[in-house]
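Trainee: Input structure: my_file15.txt, which contains compact mmCIF, C-alpha atoms.
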# COMPACT_ATOMS: atom_id res chain seq x y z
CA GLN W 1 130.25 101.67 102.94
CA VAL W 2 127.77 100.22 105.42
CA GLN W 3 124.21 101.49 105.13
CA LEU W 4 121.19 100.64 107.26
CA THR W 5 117.77 101.08 105.67
CA GLU W 6 114.78 101.05 108.01
CA SER W 7 111.10 100.74 107.14
CA GLY W 8 107.75 100.01 108.73
CA GLY W 9 107.17 102.96 111.03
CA GLY W 10 103.92 104.87 111.18
CA LEU W 11 100.83 105.63 113.21
CA VAL W 12 99.06 102.90 115.14
CA GLN W 13 96.27 102.90 117.71
CA PRO W 14 96.86 101.67 121.26
CA GLY W 15 96.70 97.89 121.30
CA GLY W 16 97.76 97.70 117.68
CA SER W 17 100.80 96.21 115.98
CA LEU W 18 103.61 97.28 113.70
CA ARG W 19 106.60 95.54 112.21
CA LEU W 20 109.86 97.36 111.63
CA SER W 21 112.53 96.07 109.31
CA CYS W 22 116.12 97.06 108.70
CA THR W 23 118.49 95.92 105.99
CA ALA W 24 122.24 96.24 106.34
CA SER W 25 124.14 96.62 103.09
CA GLY W 26 127.86 96.92 102.48
CA ILE W 27 128.76 94.43 105.18
CA ALA W 28 129.32 90.69 105.14
CA THR W 29 126.98 88.56 107.23
CA GLU W 30 129.90 86.89 108.98
CA ASP W 31 131.15 90.28 110.17
CA ILE W 32 127.96 91.09 112.06
CA PHE W 33 127.92 90.41 115.80
CA THR W 34 124.46 91.76 116.57
CA MET W 35 121.58 93.60 114.92
CA GLY W 36 119.06 95.44 117.01
CA TRP W 37 116.88 98.41 117.78
CA PHE W 38 117.02 101.44 120.02
CA ARG W 39 114.44 104.17 120.40
CA GLN W 40 114.35 107.78 121.46
CA SER W 41 111.38 109.81 122.63
CA PRO W 42 111.35 113.60 122.81
CA ASP W 43 113.31 114.87 125.79
CA LYS W 44 114.62 111.40 126.58
CA GLU W 45 117.89 109.62 125.97
CA ARG W 46 118.14 106.89 123.40
CA GLU W 47 117.26 103.56 124.99
CA PHE W 48 117.86 99.95 124.11
CA VAL W 49 114.89 97.96 122.84
CA ALA W 50 116.10 94.60 121.54
CA ARG W 51 118.96 92.83 119.80
CA VAL W 52 119.72 89.49 118.20
CA ASN W 53 123.15 87.97 117.65
CA ALA W 54 124.63 85.75 114.97
CA ASN W 55 123.42 82.66 116.88
CA ASP W 56 119.84 84.04 117.08
CA TYR W 57 120.18 84.71 120.79
CA THR W 58 117.87 87.60 121.64
CA THR W 59 117.88 90.23 124.35
CA ILE W 60 114.72 92.24 125.02
CA ALA W 61 114.32 95.33 127.21
CA ASP W 62 112.09 94.87 130.25
CA SER W 63 109.80 97.66 129.06
CA VAL W 64 108.78 95.73 125.94
CA ARG W 65 109.31 92.09 126.89
CA GLY W 66 106.26 90.01 126.12
CA ARG W 67 105.04 92.52 123.53
CA PHE W 68 107.99 92.93 121.14
CA THR W 69 109.84 90.21 119.28
CA ILE W 70 113.09 90.51 117.34
CA SER W 71 114.31 88.21 114.60
CA MET W 72 117.01 88.18 111.96
CA ASP W 73 117.29 86.93 108.40
CA HIS W 74 120.97 86.12 108.17
CA ASN W 75 120.88 85.52 104.43
CA GLU W 76 119.53 89.02 103.77
CA ASN W 77 121.25 90.89 106.65
CA LYS W 78 117.79 91.93 107.82
CA VAL W 79 116.45 92.42 111.30
CA TYR W 80 112.77 92.66 112.19
CA LEU W 81 111.04 94.09 115.22
CA GLU W 82 107.51 92.84 115.69
CA MET W 83 105.64 95.17 118.04
CA ASN W 84 102.31 94.07 119.53
CA ASP W 85 99.94 95.45 122.17
CA MET W 86 101.46 98.84 121.64
CA VAL W 87 101.00 101.66 124.13
CA PRO W 88 101.47 105.42 123.82
CA GLU W 89 104.77 105.12 125.69
CA ASP W 90 106.14 103.21 122.69
CA THR W 91 105.98 106.42 120.67
CA ALA W 92 109.53 107.23 119.57
CA VAL W 93 111.97 107.30 116.73
CA TYR W 94 113.28 103.77 116.34
CA TYR W 95 116.87 103.30 115.23
CA CYS W 96 118.39 100.21 113.71
CA ASN W 97 121.78 99.29 115.12
CA VAL W 98 124.44 96.92 113.82
CA VAL W 99 127.50 95.93 115.80
CA ALA W 100 130.45 94.60 113.83
CA THR W 101 134.01 95.81 114.32
CA LYS W 102 132.27 99.19 114.47
CA ARG W 103 128.80 100.25 115.53
CA TYR W 104 126.45 101.49 112.82
CA TRP W 105 123.15 103.35 113.06
CA GLY W 106 120.21 103.86 110.77
CA ARG W 107 118.55 107.23 110.32
CA GLY W 108 115.51 106.22 112.32
CA THR W 109 111.84 105.65 111.63
CA GLN W 110 109.01 107.35 113.51
CA VAL W 111 106.53 105.23 115.41
CA THR W 112 103.49 106.95 116.92
CA VAL W 113 100.94 105.19 119.11
CA SER W 114 97.84 107.32 119.45
CA SER W 115 94.09 107.14 119.15
Show me, as structure tokens, the structure contained in the file I just sent.
Mentor:
Amino acid sequence: QVQLTESGGGLVQPGGSLRLSCTASGIATEDIFTMGWFRQSPDKEREFVARVNANDYTTIADSVRGRFTISMDHNENKVYLEMNDMVPEDTAVYYCNVVATKRYWGRGTQVTVSS
């Protein structure tokens, strides 16, 4: 059974930084196509943030490019989202996403950017 365990959310002031991590268990590394992050704010649809594939090719949403970085530890089936220069609009529940032969989702971790 595939499980995604997220950590690293919390409260941060505008201009601050956070790092999210997600570990995928119950799945072989070679079966993973991409690992990534989506986010959802209240009253908004879930939106793509970033993803990294098995060859470490990354895709970053325009809204966070230049501020967020994604990376993957292939040995540990872990994906990281480094978030810098954060703004209140980054406030959302962030969901880890793994694409293999199926798509898997984590339960989400709350990120709040506020002074």
Trainee: Got a sec: who's within 6 Å of stretch 60-75 of chain W, counting all atoms listed in the file, leaving out chain neighbours fewer than 3 positions off, as a VMD selection string?
Mentor: chain W and resid 49 to 50 78 to 84
Trainee: Which is closer to W:Gly108 than all the others in W:Arg39, W:Pro14, W:Asn77, W:Glu30, using only C-alpha atoms?
Mentor: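 That would be W:Arg39, the residue with the smallest distance to W:Gly108.
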Trainee: Take the point (127.0, 90.9, 116.7) in the file's coordinates, draw a sphere of radius 12 Å around it, and report as a VMD selection string every protein, DNA or RNA residue with an atom inside or on it, counting all atoms listed in the file.
Mentor: chain W and resid 28 to 36 51 to 59 72 74 77 79 97 to 104
Trainee: List every protein, DNA or RNA residue that has at least one atom no more than 6 Å from (117.9, 102.8, 114.0) in the file's coordinates, counting all atoms listed in the file, and write the result as a PyMOL selection string.
Mentor: chain W and resi 37+94-97+105-108
Trainee: With all atoms listed in the file as the atoms that count, which of W:Ser25, W:Lys44, W:Gly8, W:Ser114 lies nearest to W:Met86?
Mentor: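 That would be W:Ser114, the residue with the smallest distance to W:Met86.
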Trainee: From the set W:Val93, W:Leu11, W:Ala24, W:Val2, which residue has the shortest atom-to-atom contact distance to W:Gln40, counting all atoms listed in the file?
Mentor: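 Looking at the shortest contact to W:Gln40, the residue is W:Val93.
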Trainee: Considering only C-alpha atoms, state which residue in the set W:Gln1, W:Gly9, W:Val87, W:Thr23 is at the smallest distance from W:Ser115.
Mentor: W:Val87
Trainee: In Å to one decimal, how far is atom CA of W:Asp43 from atom CA of W:Val113?
Mentor: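 Result for atom CA of W:Val113 versus atom CA of W:Asp43: 17.1 Å, one decimal.
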Trainee: Atom CA of W:Glu6 to atom CA of W:Leu20: how many Å, to one decimal?
Mentor: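 Spanning atom CA of W:Glu6 to atom CA of W:Leu20 is a straight-line distance of 7.1 Å.
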Trainee: Calculate how many Å separate atom CA of W:Arg19 from atom CA of W:Leu4, rounding to one decimal.
Mentor: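 Answer for the atom CA of W:Arg19 to atom CA of W:Leu4 separation: 16.2 Å.
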